[in-house]
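S.K.: I am sharing data-v4.cif, which consists of mmCIF, C-alpha atoms (C1' of nucleotides):
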data_input
loop_
_atom_site.label_atom_id
_atom_site.label_comp_id
_atom_site.auth_asym_id
_atom_site.auth_seq_id
_atom_site.Cartn_x
_atom_site.Cartn_y
_atom_site.Cartn_z
CA MET A 1 -0.23 22.25 22.52
CA GLN A 2 0.31 20.94 19.08
CA GLN A 3 2.82 18.31 18.13
CA LYS A 4 6.11 19.54 16.81
CA LEU A 5 7.51 18.80 13.40
CA TYR A 6 9.94 15.90 13.47
CA CYS A 7 11.83 13.61 11.14
CA LYS A 8 11.46 9.91 10.48
CA MET A 9 14.36 8.14 8.85
CA THR A 10 14.16 4.67 7.37
CA LEU A 11 17.12 2.64 6.16
CA ARG A 12 16.50 -0.30 3.86
CA LEU A 13 19.05 -2.61 2.30
CA TRP A 14 18.30 -3.65 -1.29
CA LYS A 15 19.52 -5.81 -4.08
CA GLU A 16 16.87 -6.63 -6.68
CA GLU A 17 14.24 -6.58 -3.96
CA LYS A 18 14.19 -5.32 -0.44
CA ALA A 19 16.66 -7.38 1.58
CA PHE A 20 16.58 -5.89 5.07
CA GLY A 21 14.67 -3.21 6.92
CA PRO A 22 13.16 -2.21 10.25
CA GLY A 23 10.19 -4.58 9.98
CA LEU A 24 12.35 -7.59 9.36
CA LEU A 25 14.68 -6.65 12.20
CA CYS A 26 11.73 -6.50 14.57
CA LEU A 27 10.46 -9.84 13.37
CA LEU A 28 13.85 -11.46 13.85
CA GLN A 29 14.11 -10.05 17.35
CA TRP A 30 10.81 -11.62 18.32
CA ILE A 31 11.83 -14.90 16.72
CA GLU A 32 14.99 -14.78 18.77
CA GLN A 33 12.92 -14.32 21.89
CA TYR A 34 10.19 -16.87 21.21
CA GLY A 35 11.98 -19.41 19.01
CA SER A 36 8.87 -19.44 16.84
CA MET A 37 7.90 -17.61 13.67
CA GLN A 38 4.26 -18.03 14.48
CA LYS A 39 4.52 -16.50 17.93
CA ALA A 40 6.75 -13.70 16.61
CA ALA A 41 4.29 -12.80 13.85
CA SER A 42 1.38 -12.95 16.24
CA GLN A 43 3.21 -10.67 18.66
CA MET A 44 3.63 -8.09 15.91
CA GLY A 45 0.03 -8.35 14.72
CA LEU A 46 1.39 -9.73 11.47
CA ALA A 47 -0.02 -12.56 9.39
CA TYR A 48 2.20 -15.63 9.61
CA SER A 49 2.24 -15.94 5.82
CA LYS A 50 3.48 -12.35 5.54
CA ALA A 51 6.26 -12.97 8.06
CA TRP A 52 7.26 -16.11 6.23
CA LYS A 53 7.42 -14.25 2.90
CA MET A 54 9.50 -11.44 4.41
CA ILE A 55 12.10 -13.89 5.64
CA LYS A 56 12.06 -15.92 2.45
CA THR A 57 12.58 -12.84 0.28
CA ALA A 58 15.33 -11.45 2.51
CA GLU A 59 17.24 -14.72 2.57
CA LYS A 60 17.02 -15.01 -1.21
CA GLU A 61 18.31 -11.47 -1.67
CA LEU A 62 21.06 -11.71 0.92
CA GLY A 63 22.16 -15.11 -0.29
CA PHE A 64 22.38 -16.63 3.16
CA ALA A 65 20.00 -17.91 5.83
CA LEU A 66 18.82 -15.55 8.55
CA THR A 67 16.93 -18.29 10.35
CA GLU A 68 17.10 -22.04 10.73
CA ARG A 69 13.64 -23.54 10.79
CA THR A 70 12.40 -26.98 11.66
CA SER A 71 8.90 -28.36 11.60
CA GLY A 72 7.65 -31.40 13.44
CA GLY A 73 9.08 -33.04 16.52
CA LYS A 74 8.54 -32.69 20.23
CA ASN A 75 7.18 -29.16 20.37
CA GLY A 76 6.22 -28.92 16.72
CA GLY A 77 9.53 -27.43 15.70
CA GLY A 78 10.57 -23.78 15.67
CA SER A 79 12.90 -21.14 14.28
CA ARG A 80 16.19 -19.83 15.51
CA ILE A 81 18.49 -17.11 14.25
CA THR A 82 21.61 -18.24 12.42
CA PRO A 83 25.01 -16.75 13.37
CA GLN A 84 24.99 -14.86 10.07
CA GLY A 85 21.49 -13.65 10.83
CA LYS A 86 22.55 -12.46 14.26
CA GLU A 87 25.52 -10.64 12.79
CA MET A 88 23.27 -8.96 10.23
CA MET A 89 20.90 -7.82 12.96
CA GLN A 90 23.73 -6.38 15.03
CA LYS A 91 25.27 -4.58 12.10
CA TYR A 92 21.93 -3.11 11.03
CA ILE A 93 21.17 -1.97 14.57
CA ALA A 94 24.54 -0.29 14.98
CA PHE A 95 24.30 1.26 11.51
CA SER A 96 20.80 2.60 12.16
CA LYS A 97 21.66 3.94 15.58
CA GLU A 98 24.69 5.84 14.38
CA ALA A 99 22.84 7.12 11.31
CA GLN A 100 19.92 8.26 13.44
CA MET A 101 22.19 10.24 15.73
CA GLN A 102 23.87 11.99 12.82
CA VAL A 103 20.55 12.73 11.15
CA ASN A 104 19.18 14.18 14.39
CA VAL A 105 22.05 16.63 14.45
CA LEU A 106 21.42 17.56 10.84
CA TYR A 107 17.70 17.92 11.46
CA GLN A 108 18.39 20.41 14.23
CA LYS A 109 20.70 22.31 11.94
CA TYR A 110 18.07 22.65 9.22
CA PHE A 111 14.74 22.55 11.04
CA GLY A 112 15.62 23.12 14.68
CA ASN A 113 14.05 26.57 14.77
CA GLU A 114 10.64 25.55 13.39
CA VAL A 115 7.79 26.95 15.40
CA GLU A 116 5.57 24.39 17.08
CA GLY A 117 2.05 25.13 16.09
CA MET B 118 27.37 -10.11 -12.49
CA GLN B 119 24.88 -9.73 -9.71
CA GLN B 120 23.80 -6.48 -8.23
CA LYS B 121 25.53 -5.42 -5.07
CA LEU B 122 23.80 -4.80 -1.78
CA TYR B 123 23.09 -1.12 -1.23
CA CYS B 124 21.19 1.16 1.11
CA LYS B 125 18.15 3.33 0.51
CA MET B 126 17.46 6.10 2.96
CA THR B 127 14.22 8.02 3.14
CA LEU B 128 13.61 11.12 5.24
CA ARG B 129 10.07 12.17 5.98
CA LEU B 130 8.90 15.10 8.06
CA TRP B 131 5.85 14.43 10.24
CA LYS B 132 3.43 16.05 12.59
CA GLU B 133 0.15 14.16 12.98
CA GLU B 134 0.40 13.06 9.38
CA LYS B 135 3.19 13.05 6.86
CA ALA B 136 4.11 16.63 6.11
CA PHE B 137 7.01 16.42 3.67
CA GLY B 138 8.90 13.72 1.81
CA PRO B 139 10.67 12.87 -1.42
CA GLY B 140 7.46 12.46 -3.43
CA LEU B 141 6.15 15.86 -2.50
CA LEU B 142 9.50 17.47 -3.23
CA CYS B 143 9.47 15.98 -6.70
CA LEU B 144 5.93 17.17 -7.29
CA LEU B 145 6.78 20.70 -6.19
CA GLN B 146 9.80 20.74 -8.47
CA TRP B 147 7.65 19.88 -11.48
CA ILE B 148 5.07 22.47 -10.45
CA GLU B 149 7.85 25.01 -10.30
CA GLN B 150 8.89 24.06 -13.81
CA TYR B 151 5.46 23.88 -15.43
CA GLY B 152 3.41 26.28 -13.32
CA SER B 153 0.64 23.69 -13.31
CA MET B 154 -0.36 20.98 -10.88
CA GLN B 155 -2.01 19.04 -13.65
CA LYS B 156 1.08 19.01 -15.88
CA ALA B 157 3.31 18.20 -12.91
CA ALA B 158 1.19 15.25 -11.84
CA SER B 159 0.96 13.99 -15.40
CA GLN B 160 4.73 14.24 -15.74
CA MET B 161 5.13 12.01 -12.67
CA GLY B 162 2.51 9.51 -13.79
CA LEU B 163 0.46 10.56 -10.79
CA ALA B 164 -3.27 11.11 -10.63
CA TYR B 165 -4.13 14.80 -10.32
CA SER B 166 -6.39 14.09 -7.37
CA LYS B 167 -3.53 12.34 -5.56
CA ALA B 168 -1.17 15.25 -6.18
CA TRP B 169 -3.80 17.66 -4.94
CA LYS B 170 -4.32 15.63 -1.77
CA MET B 171 -0.58 15.42 -1.10
CA ILE B 172 -0.24 19.18 -1.24
CA LYS B 173 -3.40 19.78 0.77
CA THR B 174 -2.27 17.41 3.53
CA ALA B 175 1.25 18.84 3.63
CA GLU B 176 0.03 22.42 3.83
CA LYS B 177 -2.36 21.52 6.64
CA GLU B 178 0.40 19.80 8.61
CA LEU B 179 3.03 22.45 8.02
CA GLY B 180 0.63 25.26 8.76
CA PHE B 181 1.61 27.34 5.75
CA ALA B 182 1.05 27.31 1.99
CA LEU B 183 3.56 25.56 -0.23
CA THR B 184 1.78 26.66 -3.39
CA GLU B 185 -0.42 29.50 -4.52
CA ARG B 186 -3.08 28.24 -6.87
CA THR B 187 -5.51 30.06 -9.11
CA SER B 188 -8.19 28.67 -11.36
CA GLY B 189 -9.82 30.40 -14.28
CA GLY B 190 -8.56 33.29 -16.34
CA LYS B 191 -6.53 33.57 -19.50
CA ASN B 192 -4.75 30.22 -19.48
CA GLY B 193 -7.07 28.51 -17.06
CA GLY B 194 -4.98 29.44 -14.05
CA GLY B 195 -2.05 27.58 -12.53
CA SER B 196 0.09 26.93 -9.48
CA ARG B 197 3.26 28.53 -8.27
CA ILE B 198 5.51 27.84 -5.32
CA THR B 199 5.28 30.28 -2.42
CA PRO B 200 8.47 31.73 -0.93
CA GLN B 201 7.90 29.56 2.15
CA GLY B 202 7.41 26.56 -0.11
CA LYS B 203 10.63 27.31 -1.94
CA GLU B 204 12.50 27.66 1.33
CA MET B 205 11.10 24.33 2.52
CA MET B 206 12.22 22.64 -0.67
CA GLN B 207 15.71 24.04 -0.39
CA LYS B 208 16.05 23.09 3.24
CA TYR B 209 14.81 19.57 2.62
CA ILE B 210 17.16 19.14 -0.35
CA ALA B 211 20.17 20.33 1.62
CA PHE B 212 19.18 18.22 4.62
CA SER B 213 18.72 15.10 2.50
CA LYS B 214 21.92 15.60 0.59
CA GLU B 215 24.03 16.02 3.68
CA ALA B 216 22.31 13.11 5.44
CA GLN B 217 22.81 10.90 2.41
CA MET B 218 26.53 11.62 2.35
CA GLN B 219 26.91 10.81 6.01
CA VAL B 220 24.87 7.63 5.69
CA ASN B 221 26.97 6.52 2.72
CA VAL B 222 30.07 6.76 4.87
CA LEU B 223 28.39 4.78 7.63
CA TYR B 224 27.15 2.18 5.16
CA GLN B 225 30.70 1.62 3.97
CA LYS B 226 31.84 1.28 7.55
CA TYR B 227 29.29 -1.41 8.35
CA PHE B 228 28.59 -3.14 5.05
CA GLY B 229 31.42 -2.04 2.77
CA ASN B 230 33.02 -5.49 2.71
CA GLU B 231 29.90 -7.40 1.65
CA VAL B 232 30.58 -9.78 -1.19
CA GLU B 233 28.66 -9.09 -4.39
CA GLY B 234 26.96 -12.26 -5.38
"C1'" DC C 235 -22.75 34.34 -22.80
"C1'" DT C 236 -19.74 30.65 -24.33
"C1'" DC C 237 -15.28 28.65 -24.51
"C1'" DC C 238 -10.99 27.41 -22.53
"C1'" DG C 239 -7.73 25.16 -19.30
"C1'" DT C 240 -6.91 25.18 -15.00
"C1'" DT C 241 -7.92 24.05 -9.86
"C1'" DA C 242 -11.42 21.91 -6.43
"C1'" DT C 243 -13.95 18.07 -4.80
"C1'" DT C 244 -16.42 13.90 -4.57
"C1'" DT C 245 -17.49 9.44 -6.24
"C1'" DT C 246 -16.43 5.26 -8.49
"C1'" DT C 247 -13.34 1.94 -10.07
"C1'" DT C 248 -9.07 -0.47 -10.15
"C1'" DA C 249 -4.65 -2.11 -8.38
"C1'" DT C 250 -1.90 -3.48 -4.71
"C1'" DA C 251 -0.81 -5.18 -0.24
"C1'" DA C 252 -1.99 -7.58 3.65
"C1'" DA C 253 -4.63 -10.75 6.17
"C1'" DA C 254 -7.10 -14.89 6.67
"C1'" DA C 255 -7.98 -19.44 5.73
"C1'" DA C 256 -7.10 -23.87 4.32
"C1'" DT C 257 -4.08 -27.76 3.61
"C1'" DA C 258 0.11 -30.33 3.69
"C1'" DA C 259 4.31 -31.83 5.74
"C1'" DC C 260 7.32 -32.64 9.39
"C1'" DG C 261 8.99 -35.50 13.24
"C1'" DC C 262 8.59 -36.59 17.91
"C1'" DT C 263 5.50 -38.79 21.63
"C1'" DA C 264 2.61 -42.07 23.45
"C1'" DT D 265 -1.06 -44.99 14.25
"C1'" DA D 266 -3.04 -40.62 16.11
"C1'" DG D 267 -2.10 -36.25 18.09
"C1'" DC D 268 0.51 -32.18 18.69
"C1'" DG D 269 2.46 -27.61 17.33
"C1'" DT D 270 5.23 -25.97 14.37
"C1'" DT D 271 6.80 -24.55 9.45
"C1'" DA D 272 5.52 -24.52 4.27
"C1'" DT D 273 2.62 -23.12 0.61
"C1'" DT D 274 -1.30 -21.80 -1.99
"C1'" DT D 275 -5.73 -19.81 -2.36
"C1'" DT D 276 -9.25 -16.75 -1.00
"C1'" DT D 277 -10.79 -12.76 1.15
"C1'" DT D 278 -10.34 -8.23 2.95
"C1'" DA D 279 -8.33 -3.68 3.53
"C1'" DT D 280 -5.86 0.03 1.78
"C1'" DA D 281 -4.04 3.05 -1.62
"C1'" DA D 282 -4.12 4.89 -5.94
"C1'" DA D 283 -6.17 5.91 -10.19
"C1'" DA D 284 -9.91 7.29 -12.97
"C1'" DA D 285 -13.88 9.65 -13.83
"C1'" DA D 286 -17.19 13.01 -13.32
"C1'" DT D 287 -18.70 17.57 -12.06
"C1'" DA D 288 -18.31 22.19 -10.46
"C1'" DA D 289 -16.08 26.57 -10.15
"C1'" DC D 290 -13.11 30.03 -11.61
"C1'" DG D 291 -12.19 34.21 -14.47
"C1'" DG D 292 -10.47 36.18 -18.54
"C1'" DA D 293 -11.03 36.27 -23.89
"C1'" DG D 294 -13.68 36.58 -27.76
#
What do you get writing this file as structure tokens?
M.R.:
Amino acid sequence: MQQKLYCKMTLRLWKEEKAFGPGLLCLLQWIEQYGSMQKAASQMGLAYSKAWKMIKTAEKELGFALTERTSGGKNGGGSRITPQGKEMMQKYIAFSKEAQMQVNVLYQKYFGNEVEG
Amino acid sequence: MQQKLYCKMTLRLWKEEKAFGPGLLCLLQWIEQYGSMQKAASQMGLAYSKAWKMIKTAEKELGFALTERTSGGKNGGGSRITPQGKEMMQKYIAFSKEAQMQVNVLYQKYFGNEVEG
DNA sequence: CTCCGTTATTTTTTATAAAAAATAACGCTA
DNA sequence: TAGCGTTATTTTTTATAAAAAATAACGGAG
């Protein structure tokens, strides 16, 4: 049996550059779990330098810090999510979830009777 | 004054590979206007070979022809949109439009009070 | 049969994005 | 002071995507 036609939706927040999207959300979630940018990037199969640039760009665009990062010290330092960062994550998750549900309904309305194959 | 935060939504239809998206829609619209893949691609600043691959992939995934293409003859041939292709375009446009409206409402709900700057 | 302007297809080149690597800095510990 | 494990940053390399180029085929007109 062949795979059915389906719809992928992506929501990205922009200013001059991309400010927030699904990749960044995922990265932040892993940072939250590990307390480390390096471990988070590694978990995602992402180059550390890429992860670092994503966060740097997003924070510049948003105008506030998503993470608080320290280097050096007992365990070498680490990263943690700021309250504003956490709020952003929660809002984006809720926004995406609700949007996805609505789009699913619309997709059924327009493409629900597509044959599979 | 700085640009405000806003949201970009993209809707892509998939099977194994990407089957339909905003780029392909645009390409088909220019083909409809010009009756030529070459002119349409040129209009979009797109390489002809890329345009050709996009259509070929989409038609393979969807399982039906979006365009009917002829080469040779009086004016060298050309491309026209099949009835199924036209229907696909119309459905995708309506789907996107309605989804965009709903997402705009949601965006306001979640991010409508963001400061600009 | 040759010319024309298109589509069809493959190959080569270029541009872009990502990864990898290398180095520095940080600040605590011992 | 040296070592550790992290973040910070730049440079180099690699991978991917797109563009460009080249060639063939098509089929009607002259």
S.K.: Assuming the chain letters and numbering stay as they are in my file, what does the PyMOL selection byres ((chain B) within 12 of (chain A)) actually select? List them as a ChimeraX atom specification.
M.R.: /B:119-139,175,177-181,204-229,231-234
S.K.: By how many Å are atom CA of A:Pro83 and atom CA of A:Trp30 apart?
M.R.: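 Atom CA of A:Pro83 sits 15.9 Å away from atom CA of A:Trp30.
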S.K.: Residues of chain D within 12 Å of chain B, using all atoms listed in the file, as a JSON list (two decimals) with C-alpha atoms (C1' of nucleotides), in the frame of the given file?
M.R.:
[["chain", "number", "residue", "atom", "x", "y", "z"],
["D", 281, "DA", "C1'", -4.04, 3.05, -1.62],
["D", 282, "DA", "C1'", -4.12, 4.89, -5.94],
["D", 283, "DA", "C1'", -6.17, 5.91, -10.19],
["D", 284, "DA", "C1'", -9.91, 7.29, -12.97],
["D", 285, "DA", "C1'", -13.88, 9.65, -13.83],
["D", 289, "DA", "C1'", -16.08, 26.57, -10.15],
["D", 290, "DC", "C1'", -13.11, 30.03, -11.61],
["D", 291, "DG", "C1'", -12.19, 34.21, -14.47],
["D", 292, "DG", "C1'", -10.47, 36.18, -18.54],
["D", 293, "DA", "C1'", -11.03, 36.27, -23.89],
["D", 294, "DG", "C1'", -13.68, 36.58, -27.76]]
S.K.: With all atoms listed in the file considered, list every residue of chain C at most 6 Å from chain A, as number ranges by chain.
M.R.: C: 253, 260-262
S.K.: Quick one: distance from atom CA of A:Leu27 to atom CA of A:Thr57 in Å, one decimal?
M.R.: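 Atom CA of A:Leu27 sits 13.6 Å away from atom CA of A:Thr57.
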S.K.: Mind giving me the axis-aligned box for stretch 245-259 of chain C with 5 Å on every side, centre plus edges in Å to one decimal, as AutoDock Vina command-line options?
M.R.:
--center_x -6.6 --center_y -11.2 --center_z -1.7 --size_x 31.8 --size_y 51.3 --size_z 26.8
S.K.: So that I can see what lies close to C:DA264, please list as a PyMOL selection string the residues with an atom at most 12 Å from it, counting all atoms listed in the file and leaving out residues fewer than 4 positions away in the same chain.
M.R.: (chain A and resi 74) or (chain D and resi 265-268)
S.K.: One decimal, Å: what's the distance from atom CA of B:Gln155 over to atom C1' of C:DG239, could you say?
M.R.: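 These two atoms are separated by 10.1 Å.
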S.K.: Within 10 Å of D:DT273, counting all atoms listed in the file, which residues qualify if same-chain residues fewer than 2 places away don't, as a list in words?
M.R.: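 Once the adjacent positions are removed, what remains is Ser49 of chain A; DT257 and DA258 of chain C; DT271 and DT275 of chain D.
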S.K.: Run the PyMOL selection byres ((chain D and resi 278) around 12) against the file shown and list the residues it catches, as an MDAnalysis selection string.
M.R.: (chainID C and resid 251:255) or (chainID D and resid 276:277 279:280)
S.K.: Restrict the selected residues to C-alpha atoms (C1' of nucleotides) and save them as a PDB file, in the coordinates of the input.
M.R.:
ATOM      1  C1'  DA C 251      -0.810  -5.180  -0.240  1.00  0.00           C
ATOM      2  C1'  DA C 252      -1.990  -7.580   3.650  1.00  0.00           C
ATOM      3  C1'  DA C 253      -4.630 -10.750   6.170  1.00  0.00           C
ATOM      4  C1'  DA C 254      -7.100 -14.890   6.670  1.00  0.00           C
ATOM      5  C1'  DA C 255      -7.980 -19.440   5.730  1.00  0.00           C
TER       6       DA C 255
ATOM      7  C1'  DT D 276      -9.250 -16.750  -1.000  1.00  0.00           C
ATOM      8  C1'  DT D 277     -10.790 -12.760   1.150  1.00  0.00           C
ATOM      9  C1'  DA D 279      -8.330  -3.680   3.530  1.00  0.00           C
ATOM     10  C1'  DT D 280      -5.860   0.030   1.780  1.00  0.00           C
TER      11       DT D 280
END
S.K.: May I have the protein, DNA and RNA residues with an atom at most 9 Å from (-16.4, 8.9, -11.1), counting only C-alpha atoms (C1' of nucleotides) in the file's coordinates, returned as an mmCIF file with C-alpha atoms (C1' of nucleotides), in the coordinates of the input?
M.R.:
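Once written, out.cif looks like this:
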data_model
loop_
_atom_site.group_PDB
_atom_site.id
_atom_site.type_symbol
_atom_site.label_atom_id
_atom_site.label_comp_id
_atom_site.auth_asym_id
_atom_site.auth_seq_id
_atom_site.Cartn_x
_atom_site.Cartn_y
_atom_site.Cartn_z
ATOM 1 C "C1'" DT C 244 -16.420 13.900 -4.570
ATOM 2 C "C1'" DT C 245 -17.490 9.440 -6.240
ATOM 3 C "C1'" DT C 246 -16.430 5.260 -8.490
ATOM 4 C "C1'" DT C 247 -13.340 1.940 -10.070
ATOM 5 C "C1'" DA D 284 -9.910 7.290 -12.970
ATOM 6 C "C1'" DA D 285 -13.880 9.650 -13.830
ATOM 7 C "C1'" DA D 286 -17.190 13.010 -13.320
#
